[in-house]
Amino acid sequence: MEFNVTNHQLCVGDIKITGVASSALFLIGDVQTVQLSSAFDTPPESLIIGPFVPFAPKG
Amino acid sequence: MFSRISKVKSISSKTLIFSSTMQIGDCSYIDGKSFALAIQKKSETFQSVDIHFEDYEISKRPFYIPRLNEPVISSFSNPNPFIRVGHINIIGISTSSVVGVGNVGHARMESRVKHIREIPKKTEETPIEGSTNTT
């Protein structure tokens, strides 16, 4: 596969962002490679009902 | 190959916490990693319990990232050598995030979050069924 890119004018106005979090990347500029990986775990076992139970069991 | 210049009028941020970076200028590589335990608990006190991120399965699972050596022949040309951006306002930058202005060689970011909710059992309170679907 051949991939040809021609970058003509790129003008952006103002940018307003509330938050950039959890290893996010906000970049103005060129980049050769980007690799992103994200894992978020909230299984049914992580919902604990009762006040004196220790935190979620392993897993 | 890449030689565009980023022109930003201004950049401002209220908070920059938990190993976050505001990078102004070119850099060869970015490697960000964040491991977080998000615990929600209804309690007046939050006693320190021995919690280790390594005890949870999410910290042990392998790190899956997209491959770099894709069989693609790519070429780039930049007739306009500028990227112009106006004013940037970011309220918060957190947990190993990167806000950058300039060219970057390679960027690799990883995030792992384990979310735990602890809800007290009380009869007069809202039923559990209603609280299970809340985020």
# chains A, B, ... in the order shown; residues from 1 in each chain; ligands from 1
$ interface_residues --of "chain B" --to "chain A" --cutoff "6 Å" --atoms "only C-alpha atoms" --output "PyMOL selection string"
chain B and resi 6+55-57+65+72-80+83-121
$ write_last_selection --atoms "C-alpha atoms" --output "JSON list (two decimals), in the first residue's frame"
[["chain", "number", "residue", "atom", "x", "y", "z"],
["B", 6, "SER", "CA", 3.74, 24.74, 15.20],
["B", 55, "ASP", "CA", -3.10, -7.56, 43.42],
["B", 56, "TYR", "CA", -5.62, -6.76, 40.71],
["B", 57, "GLU", "CA", -5.89, -8.62, 37.43],
["B", 65, "ILE", "CA", -0.55, -1.84, 21.56],
["B", 72, "VAL", "CA", 2.68, 0.88, 4.15],
["B", 73, "ILE", "CA", 4.94, 2.97, 1.94],
["B", 74, "SER", "CA", 4.23, 6.53, 2.98],
["B", 75, "SER", "CA", 5.49, 9.87, 1.74],
["B", 76, "PHE", "CA", 4.77, 13.35, 3.05],
["B", 77, "SER", "CA", 5.19, 16.81, 1.61],
["B", 78, "ASN", "CA", 4.55, 20.10, 3.36],
["B", 79, "PRO", "CA", 3.95, 23.02, 0.98],
["B", 80, "ASN", "CA", 2.85, 25.10, 3.98],
["B", 83, "ILE", "CA", 0.50, 24.70, 11.83],
["B", 84, "ARG", "CA", -1.24, 27.77, 13.20],
["B", 85, "VAL", "CA", -3.35, 27.57, 16.32],
["B", 86, "GLY", "CA", -4.96, 30.35, 18.32],
["B", 87, "HIS", "CA", -5.28, 30.44, 22.08],
["B", 88, "ILE", "CA", -5.41, 27.13, 23.93],
["B", 89, "ASN", "CA", -7.08, 26.84, 27.31],
["B", 90, "ILE", "CA", -7.02, 23.53, 29.17],
["B", 91, "ILE", "CA", -8.50, 23.33, 32.64],
["B", 92, "GLY", "CA", -6.85, 20.14, 33.80],
["B", 93, "ILE", "CA", -4.07, 17.85, 32.65],
["B", 94, "SER", "CA", -3.82, 14.72, 34.74],
["B", 95, "THR", "CA", -2.46, 11.18, 35.19],
["B", 96, "SER", "CA", 0.54, 10.97, 32.87],
["B", 97, "SER", "CA", -1.08, 12.93, 30.10],
["B", 98, "VAL", "CA", 0.95, 14.98, 27.69],
["B", 99, "VAL", "CA", 0.06, 18.28, 26.08],
["B", 100, "GLY", "CA", 2.61, 19.06, 23.45],
["B", 101, "VAL", "CA", 3.48, 21.75, 20.95],
["B", 102, "GLY", "CA", 6.08, 20.68, 18.44],
["B", 103, "ASN", "CA", 7.11, 17.62, 16.53],
["B", 104, "VAL", "CA", 7.40, 14.23, 18.15],
["B", 105, "GLY", "CA", 9.14, 11.13, 16.93],
["B", 106, "HIS", "CA", 7.32, 8.34, 18.70],
["B", 107, "ALA", "CA", 4.54, 8.49, 21.26],
["B", 108, "ARG", "CA", 3.43, 5.57, 23.40],
["B", 109, "MET", "CA", 0.84, 6.01, 26.12],
["B", 110, "GLU", "CA", -0.64, 3.44, 28.47],
["B", 111, "SER", "CA", -3.45, 3.74, 30.99],
["B", 112, "ARG", "CA", -4.88, 1.19, 33.41],
["B", 113, "VAL", "CA", -7.74, 2.06, 35.75],
["B", 114, "LYS", "CA", -9.35, -0.21, 38.32],
["B", 115, "HIS", "CA", -12.64, 1.17, 39.53],
["B", 116, "ILE", "CA", -14.18, -0.01, 42.80],
["B", 117, "ARG", "CA", -17.44, 1.17, 44.37],
["B", 118, "GLU", "CA", -18.36, 0.51, 47.96],
["B", 119, "ILE", "CA", -21.96, 1.26, 48.82],
["B", 120, "PRO", "CA", -23.28, 1.06, 52.40],
["B", 121, "LYS", "CA", -26.22, -1.25, 53.05]]
$ select_by_dssp --residues "chain B" --states "helix (DSSP H, G or I)" --output "PyMOL selection string"
chain B and resi 53-55+57-60+128-132
$ write_last_selection --atoms "N, CA and C atoms" --output "tab-separated table (two decimals), in the first residue's frame"
chain	number	residue	atom	x	y	z
B	53	PHE	N	-1.91	-2.21	43.81
B	53	PHE	CA	-2.39	-2.30	42.44
B	53	PHE	C	-2.03	-3.65	41.82
B	54	GLU	N	-0.91	-4.21	42.25
B	54	GLU	CA	-0.42	-5.49	41.68
B	54	GLU	C	-1.36	-6.65	42.02
B	55	ASP	N	-2.19	-6.48	43.04
B	55	ASP	CA	-3.10	-7.56	43.42
B	55	ASP	C	-4.26	-7.70	42.44
B	57	GLU	N	-6.14	-7.95	38.71
B	57	GLU	CA	-5.89	-8.62	37.43
B	57	GLU	C	-5.50	-7.61	36.34
B	58	ILE	N	-6.08	-6.43	36.41
B	58	ILE	CA	-5.84	-5.42	35.36
B	58	ILE	C	-4.37	-5.02	35.26
B	59	SER	N	-3.63	-5.14	36.37
B	59	SER	CA	-2.23	-4.77	36.34
B	59	SER	C	-1.35	-5.88	35.76
B	60	LYS	N	-1.90	-7.09	35.71
B	60	LYS	CA	-1.10	-8.23	35.23
B	60	LYS	C	-1.32	-8.53	33.75
B	128	ILE	N	-30.54	-0.83	46.06
B	128	ILE	CA	-29.26	-1.16	45.41
B	128	ILE	C	-29.42	-1.22	43.89
B	129	GLU	N	-30.64	-1.69	43.47
B	129	GLU	CA	-30.87	-1.84	42.02
B	129	GLU	C	-30.66	-0.52	41.29
B	130	GLY	N	-31.08	0.55	41.97
B	130	GLY	CA	-30.95	1.85	41.33
B	130	GLY	C	-29.52	2.33	41.26
B	131	SER	N	-28.71	1.93	42.22
B	131	SER	CA	-27.34	2.43	42.27
B	131	SER	C	-26.36	1.60	41.46
B	132	THR	N	-26.81	0.42	41.00
B	132	THR	CA	-25.86	-0.41	40.26
B	132	THR	C	-25.52	0.15	38.90
$ select_by_dssp --residues "chain B" --states "strand (DSSP E)" --output "PDB file with N, CA and C atoms, in the first residue's frame"
ATOM      1  N   ILE B   5       6.364  23.652  11.438  1.00  0.00           N
ATOM      2  CA  ILE B   5       6.554  24.426  12.663  1.00  0.00           C
ATOM      3  C   ILE B   5       5.183  24.728  13.242  1.00  0.00           C
ATOM      4  N   SER B   6       5.011  24.464  14.540  1.00  0.00           N
ATOM      5  CA  SER B   6       3.740  24.744  15.198  1.00  0.00           C
ATOM      6  C   SER B   6       3.780  26.147  15.782  1.00  0.00           C
ATOM      7  N   LYS B   7       2.769  26.931  15.414  1.00  0.00           N
ATOM      8  CA  LYS B   7       2.688  28.301  15.936  1.00  0.00           C
ATOM      9  C   LYS B   7       1.431  28.435  16.776  1.00  0.00           C
ATOM     10  N   VAL B   8       1.618  28.597  18.066  1.00  0.00           N
ATOM     11  CA  VAL B   8       0.490  28.716  18.994  1.00  0.00           C
ATOM     12  C   VAL B   8       0.540  30.113  19.610  1.00  0.00           C
ATOM     13  N   LYS B   9      -0.593  30.796  19.607  1.00  0.00           N
ATOM     14  CA  LYS B   9      -0.628  32.166  20.154  1.00  0.00           C
ATOM     15  C   LYS B   9      -0.380  32.151  21.657  1.00  0.00           C
ATOM     16  N   SER B  10      -1.146  31.299  22.363  1.00  0.00           N
ATOM     17  CA  SER B  10      -0.932  31.199  23.807  1.00  0.00           C
ATOM     18  C   SER B  10      -1.447  29.855  24.279  1.00  0.00           C
ATOM     19  N   ILE B  11      -0.904  29.413  25.413  1.00  0.00           N
ATOM     20  CA  ILE B  11      -1.362  28.149  26.010  1.00  0.00           C
ATOM     21  C   ILE B  11      -1.430  28.346  27.519  1.00  0.00           C
ATOM     22  N   SER B  12      -2.564  27.951  28.086  1.00  0.00           N
ATOM     23  CA  SER B  12      -2.697  28.112  29.539  1.00  0.00           C
ATOM     24  C   SER B  12      -3.462  26.935  30.128  1.00  0.00           C
ATOM     25  N   SER B  13      -3.096  26.578  31.349  1.00  0.00           N
ATOM     26  CA  SER B  13      -3.735  25.470  32.044  1.00  0.00           C
ATOM     27  C   SER B  13      -3.821  25.769  33.533  1.00  0.00           C
ATOM     28  N   LYS B  14      -4.931  25.409  34.142  1.00  0.00           N
ATOM     29  CA  LYS B  14      -5.110  25.658  35.577  1.00  0.00           C
ATOM     30  C   LYS B  14      -4.331  24.650  36.413  1.00  0.00           C
ATOM     31  N   THR B  15      -4.488  23.356  36.092  1.00  0.00           N
ATOM     32  CA  THR B  15      -3.804  22.333  36.877  1.00  0.00           C
ATOM     33  C   THR B  15      -3.073  21.351  35.984  1.00  0.00           C
ATOM     34  N   LEU B  16      -1.926  20.947  36.462  1.00  0.00           N
ATOM     35  CA  LEU B  16      -1.114  19.956  35.765  1.00  0.00           C
ATOM     36  C   LEU B  16      -0.608  19.020  36.864  1.00  0.00           C
ATOM     37  N   THR B  21       2.700  16.233  31.669  1.00  0.00           N
ATOM     38  CA  THR B  21       3.741  17.054  31.073  1.00  0.00           C
ATOM     39  C   THR B  21       3.151  18.045  30.092  1.00  0.00           C
ATOM     40  N   MET B  22       3.694  19.246  30.116  1.00  0.00           N
ATOM     41  CA  MET B  22       3.400  20.207  29.059  1.00  0.00           C
ATOM     42  C   MET B  22       4.713  20.412  28.316  1.00  0.00           C
ATOM     43  N   GLN B  23       4.765  19.848  27.139  1.00  0.00           N
ATOM     44  CA  GLN B  23       6.003  19.823  26.365  1.00  0.00           C
ATOM     45  C   GLN B  23       5.933  20.892  25.279  1.00  0.00           C
ATOM     46  N   ILE B  24       6.829  21.851  25.347  1.00  0.00           N
ATOM     47  CA  ILE B  24       6.907  22.881  24.311  1.00  0.00           C
ATOM     48  C   ILE B  24       8.251  22.708  23.613  1.00  0.00           C
ATOM     49  N   CYS B  27      10.496  16.800  20.442  1.00  0.00           N
ATOM     50  CA  CYS B  27      11.104  15.762  21.271  1.00  0.00           C
ATOM     51  C   CYS B  27      11.093  14.445  20.502  1.00  0.00           C
ATOM     52  N   SER B  28      12.019  13.584  20.834  1.00  0.00           N
ATOM     53  CA  SER B  28      12.175  12.366  20.038  1.00  0.00           C
ATOM     54  C   SER B  28      11.185  11.278  20.439  1.00  0.00           C
ATOM     55  N   TYR B  29      10.912  11.140  21.742  1.00  0.00           N
ATOM     56  CA  TYR B  29       9.873  10.168  22.086  1.00  0.00           C
ATOM     57  C   TYR B  29       9.149  10.518  23.378  1.00  0.00           C
ATOM     58  N   ILE B  30       7.907  10.074  23.460  1.00  0.00           N
ATOM     59  CA  ILE B  30       7.071  10.250  24.654  1.00  0.00           C
ATOM     60  C   ILE B  30       6.644   8.854  25.086  1.00  0.00           C
ATOM     61  N   ASP B  31       6.849   8.538  26.340  1.00  0.00           N
ATOM     62  CA  ASP B  31       6.411   7.246  26.859  1.00  0.00           C
ATOM     63  C   ASP B  31       5.675   7.493  28.171  1.00  0.00           C
ATOM     64  N   GLY B  32       4.366   7.522  28.099  1.00  0.00           N
ATOM     65  CA  GLY B  32       3.572   7.804  29.296  1.00  0.00           C
ATOM     66  C   GLY B  32       2.866   6.562  29.795  1.00  0.00           C
ATOM     67  N   LYS B  33       2.803   6.448  31.113  1.00  0.00           N
ATOM     68  CA  LYS B  33       2.173   5.260  31.697  1.00  0.00           C
ATOM     69  C   LYS B  33       1.437   5.678  32.972  1.00  0.00           C
ATOM     70  N   SER B  34       0.208   5.226  33.140  1.00  0.00           N
ATOM     71  CA  SER B  34      -0.499   5.544  34.383  1.00  0.00           C
ATOM     72  C   SER B  34      -1.291   4.334  34.869  1.00  0.00           C
ATOM     73  N   PHE B  35      -1.128   4.037  36.159  1.00  0.00           N
ATOM     74  CA  PHE B  35      -1.858   2.964  36.816  1.00  0.00           C
ATOM     75  C   PHE B  35      -2.689   3.642  37.897  1.00  0.00           C
ATOM     76  N   ALA B  36      -4.004   3.448  37.878  1.00  0.00           N
ATOM     77  CA  ALA B  36      -4.839   4.146  38.859  1.00  0.00           C
ATOM     78  C   ALA B  36      -5.847   3.207  39.500  1.00  0.00           C
ATOM     79  N   LEU B  37      -6.067   3.438  40.776  1.00  0.00           N
ATOM     80  CA  LEU B  37      -7.122   2.744  41.509  1.00  0.00           C
ATOM     81  C   LEU B  37      -8.149   3.805  41.864  1.00  0.00           C
ATOM     82  N   ALA B  38      -9.327   3.702  41.286  1.00  0.00           N
ATOM     83  CA  ALA B  38     -10.375   4.689  41.551  1.00  0.00           C
ATOM     84  C   ALA B  38     -11.379   4.067  42.509  1.00  0.00           C
ATOM     85  N   ILE B  39     -11.348   4.502  43.736  1.00  0.00           N
ATOM     86  CA  ILE B  39     -12.226   3.912  44.749  1.00  0.00           C
ATOM     87  C   ILE B  39     -13.274   4.927  45.176  1.00  0.00           C
ATOM     88  N   GLN B  40     -14.532   4.527  45.032  1.00  0.00           N
ATOM     89  CA  GLN B  40     -15.653   5.372  45.455  1.00  0.00           C
ATOM     90  C   GLN B  40     -16.283   4.704  46.663  1.00  0.00           C
ATOM     91  N   LYS B  41     -16.411   5.457  47.729  1.00  0.00           N
ATOM     92  CA  LYS B  41     -16.879   4.886  48.988  1.00  0.00           C
ATOM     93  C   LYS B  41     -17.646   5.942  49.750  1.00  0.00           C
ATOM     94  N   ILE B  73       3.903   2.068   2.439  1.00  0.00           N
ATOM     95  CA  ILE B  73       4.945   2.973   1.940  1.00  0.00           C
ATOM     96  C   ILE B  73       4.335   4.367   1.965  1.00  0.00           C
ATOM     97  N   SER B  74       4.836   5.203   2.848  1.00  0.00           N
ATOM     98  CA  SER B  74       4.229   6.525   2.979  1.00  0.00           C
ATOM     99  C   SER B  74       5.221   7.629   2.633  1.00  0.00           C
ATOM    100  N   SER B  75       4.670   8.700   2.047  1.00  0.00           N
ATOM    101  CA  SER B  75       5.488   9.873   1.742  1.00  0.00           C
ATOM    102  C   SER B  75       4.702  11.125   2.110  1.00  0.00           C
ATOM    103  N   PHE B  76       5.424  12.121   2.588  1.00  0.00           N
ATOM    104  CA  PHE B  76       4.775  13.350   3.046  1.00  0.00           C
ATOM    105  C   PHE B  76       5.454  14.550   2.405  1.00  0.00           C
ATOM    106  N   SER B  77       4.629  15.548   2.085  1.00  0.00           N
ATOM    107  CA  SER B  77       5.194  16.814   1.606  1.00  0.00           C
ATOM    108  C   SER B  77       4.427  17.947   2.271  1.00  0.00           C
ATOM    109  N   PHE B  82       3.717  25.573   8.240  1.00  0.00           N
ATOM    110  CA  PHE B  82       3.239  25.988   9.565  1.00  0.00           C
ATOM    111  C   PHE B  82       1.931  25.318   9.956  1.00  0.00           C
ATOM    112  N   ILE B  83       1.783  25.105  11.240  1.00  0.00           N
ATOM    113  CA  ILE B  83       0.496  24.699  11.830  1.00  0.00           C
ATOM    114  C   ILE B  83       0.146  25.856  12.750  1.00  0.00           C
ATOM    115  N   ARG B  84      -0.875  26.587  12.398  1.00  0.00           N
ATOM    116  CA  ARG B  84      -1.235  27.768  13.198  1.00  0.00           C
ATOM    117  C   ARG B  84      -2.424  27.460  14.087  1.00  0.00           C
ATOM    118  N   VAL B  85      -2.272  27.777  15.343  1.00  0.00           N
ATOM    119  CA  VAL B  85      -3.345  27.574  16.321  1.00  0.00           C
ATOM    120  C   VAL B  85      -3.478  28.839  17.158  1.00  0.00           C
ATOM    121  N   GLY B  86      -4.715  29.170  17.496  1.00  0.00           N
ATOM    122  CA  GLY B  86      -4.958  30.354  18.316  1.00  0.00           C
ATOM    123  C   GLY B  86      -4.648  30.108  19.777  1.00  0.00           C
ATOM    124  N   HIS B  87      -5.502  30.592  20.635  1.00  0.00           N
ATOM    125  CA  HIS B  87      -5.283  30.443  22.078  1.00  0.00           C
ATOM    126  C   HIS B  87      -5.798  29.088  22.549  1.00  0.00           C
ATOM    127  N   ILE B  88      -5.017  28.441  23.399  1.00  0.00           N
ATOM    128  CA  ILE B  88      -5.410  27.130  23.935  1.00  0.00           C
ATOM    129  C   ILE B  88      -5.632  27.277  25.433  1.00  0.00           C
ATOM    130  N   ASN B  89      -6.778  26.799  25.877  1.00  0.00           N
ATOM    131  CA  ASN B  89      -7.083  26.836  27.310  1.00  0.00           C
ATOM    132  C   ASN B  89      -7.504  25.444  27.758  1.00  0.00           C
ATOM    133  N   ILE B  90      -6.720  24.859  28.653  1.00  0.00           N
ATOM    134  CA  ILE B  90      -7.017  23.527  29.168  1.00  0.00           C
ATOM    135  C   ILE B  90      -7.173  23.657  30.679  1.00  0.00           C
ATOM    136  N   ILE B  91      -8.290  23.185  31.199  1.00  0.00           N
ATOM    137  CA  ILE B  91      -8.500  23.330  32.644  1.00  0.00           C
ATOM    138  C   ILE B  91      -7.590  22.355  33.401  1.00  0.00           C
ATOM    139  N   GLY B  92      -7.648  21.100  33.050  1.00  0.00           N
ATOM    140  CA  GLY B  92      -6.848  20.136  33.803  1.00  0.00           C
ATOM    141  C   GLY B  92      -6.102  19.147  32.930  1.00  0.00           C
ATOM    142  N   ILE B  93      -4.867  18.879  33.310  1.00  0.00           N
ATOM    143  CA  ILE B  93      -4.071  17.849  32.647  1.00  0.00           C
ATOM    144  C   ILE B  93      -3.649  16.896  33.766  1.00  0.00           C
ATOM    145  N   VAL B  98      -0.032  14.089  28.291  1.00  0.00           N
ATOM    146  CA  VAL B  98       0.946  14.982  27.691  1.00  0.00           C
ATOM    147  C   VAL B  98       0.227  15.965  26.777  1.00  0.00           C
ATOM    148  N   VAL B  99       0.527  17.224  26.970  1.00  0.00           N
ATOM    149  CA  VAL B  99       0.061  18.276  26.075  1.00  0.00           C
ATOM    150  C   VAL B  99       1.309  18.830  25.424  1.00  0.00           C
ATOM    151  N   GLY B 100       1.377  18.691  24.119  1.00  0.00           N
ATOM    152  CA  GLY B 100       2.614  19.060  23.448  1.00  0.00           C
ATOM    153  C   GLY B 100       2.422  20.006  22.291  1.00  0.00           C
ATOM    154  N   VAL B 101       3.415  20.858  22.116  1.00  0.00           N
ATOM    155  CA  VAL B 101       3.480  21.745  20.954  1.00  0.00           C
ATOM    156  C   VAL B 101       4.835  21.484  20.320  1.00  0.00           C
ATOM    157  N   VAL B 104       7.061  15.366  17.281  1.00  0.00           N
ATOM    158  CA  VAL B 104       7.397  14.232  18.145  1.00  0.00           C
ATOM    159  C   VAL B 104       7.766  13.048  17.261  1.00  0.00           C
ATOM    160  N   GLY B 105       8.764  12.329  17.666  1.00  0.00           N
ATOM    161  CA  GLY B 105       9.141  11.130  16.927  1.00  0.00           C
ATOM    162  C   GLY B 105       8.157  10.006  17.173  1.00  0.00           C
ATOM    163  N   HIS B 106       8.210   9.447  18.347  1.00  0.00           N
ATOM    164  CA  HIS B 106       7.316   8.343  18.695  1.00  0.00           C
ATOM    165  C   HIS B 106       6.581   8.660  20.001  1.00  0.00           C
ATOM    166  N   ALA B 107       5.325   8.286  20.033  1.00  0.00           N
ATOM    167  CA  ALA B 107       4.545   8.491  21.256  1.00  0.00           C
ATOM    168  C   ALA B 107       3.895   7.174  21.635  1.00  0.00           C
ATOM    169  N   ARG B 108       4.057   6.797  22.895  1.00  0.00           N
ATOM    170  CA  ARG B 108       3.431   5.574  23.399  1.00  0.00           C
ATOM    171  C   ARG B 108       2.832   5.892  24.766  1.00  0.00           C
ATOM    172  N   MET B 109       1.534   5.693  24.881  1.00  0.00           N
ATOM    173  CA  MET B 109       0.836   6.012  26.123  1.00  0.00           C
ATOM    174  C   MET B 109       0.059   4.789  26.597  1.00  0.00           C
ATOM    175  N   GLU B 110       0.080   4.579  27.894  1.00  0.00           N
ATOM    176  CA  GLU B 110      -0.636   3.438  28.469  1.00  0.00           C
ATOM    177  C   GLU B 110      -1.407   3.890  29.700  1.00  0.00           C
ATOM    178  N   SER B 111      -2.633   3.389  29.833  1.00  0.00           N
ATOM    179  CA  SER B 111      -3.451   3.741  30.993  1.00  0.00           C
ATOM    180  C   SER B 111      -4.189   2.505  31.495  1.00  0.00           C
ATOM    181  N   ARG B 112      -4.145   2.303  32.795  1.00  0.00           N
ATOM    182  CA  ARG B 112      -4.880   1.193  33.405  1.00  0.00           C
ATOM    183  C   ARG B 112      -5.619   1.736  34.624  1.00  0.00           C
ATOM    184  N   VAL B 113      -6.921   1.549  34.643  1.00  0.00           N
ATOM    185  CA  VAL B 113      -7.738   2.064  35.751  1.00  0.00           C
ATOM    186  C   VAL B 113      -8.577   0.933  36.315  1.00  0.00           C
ATOM    187  N   LYS B 114      -8.500   0.767  37.631  1.00  0.00           N
ATOM    188  CA  LYS B 114      -9.348  -0.210  38.316  1.00  0.00           C
ATOM    189  C   LYS B 114     -10.339   0.589  39.161  1.00  0.00           C
ATOM    190  N   HIS B 115     -11.598   0.396  38.875  1.00  0.00           N
ATOM    191  CA  HIS B 115     -12.643   1.174  39.531  1.00  0.00           C
ATOM    192  C   HIS B 115     -13.394   0.291  40.523  1.00  0.00           C
ATOM    193  N   ILE B 116     -13.479   0.740  41.756  1.00  0.00           N
ATOM    194  CA  ILE B 116     -14.180  -0.008  42.804  1.00  0.00           C
ATOM    195  C   ILE B 116     -15.207   0.908  43.454  1.00  0.00           C
ATOM    196  N   ARG B 117     -16.408   0.390  43.663  1.00  0.00           N
ATOM    197  CA  ARG B 117     -17.441   1.168  44.365  1.00  0.00           C
ATOM    198  C   ARG B 117     -17.856   0.419  45.617  1.00  0.00           C
ATOM    199  N   GLU B 118     -17.909   1.110  46.698  1.00  0.00           N
ATOM    200  CA  GLU B 118     -18.358   0.510  47.960  1.00  0.00           C
ATOM    201  C   GLU B 118     -19.565   1.287  48.446  1.00  0.00           C
ATOM    202  N   ILE B 119     -20.706   0.600  48.459  1.00  0.00           N
ATOM    203  CA  ILE B 119     -21.962   1.265  48.822  1.00  0.00           C
ATOM    204  C   ILE B 119     -22.453   0.709  50.161  1.00  0.00           C
TER     205      ILE B 119
END
$ atom_distance --atom1 "atom CA of Pro66 of chain B" --atom2 "atom CA of Pro81 of chain B"
29.0 Å
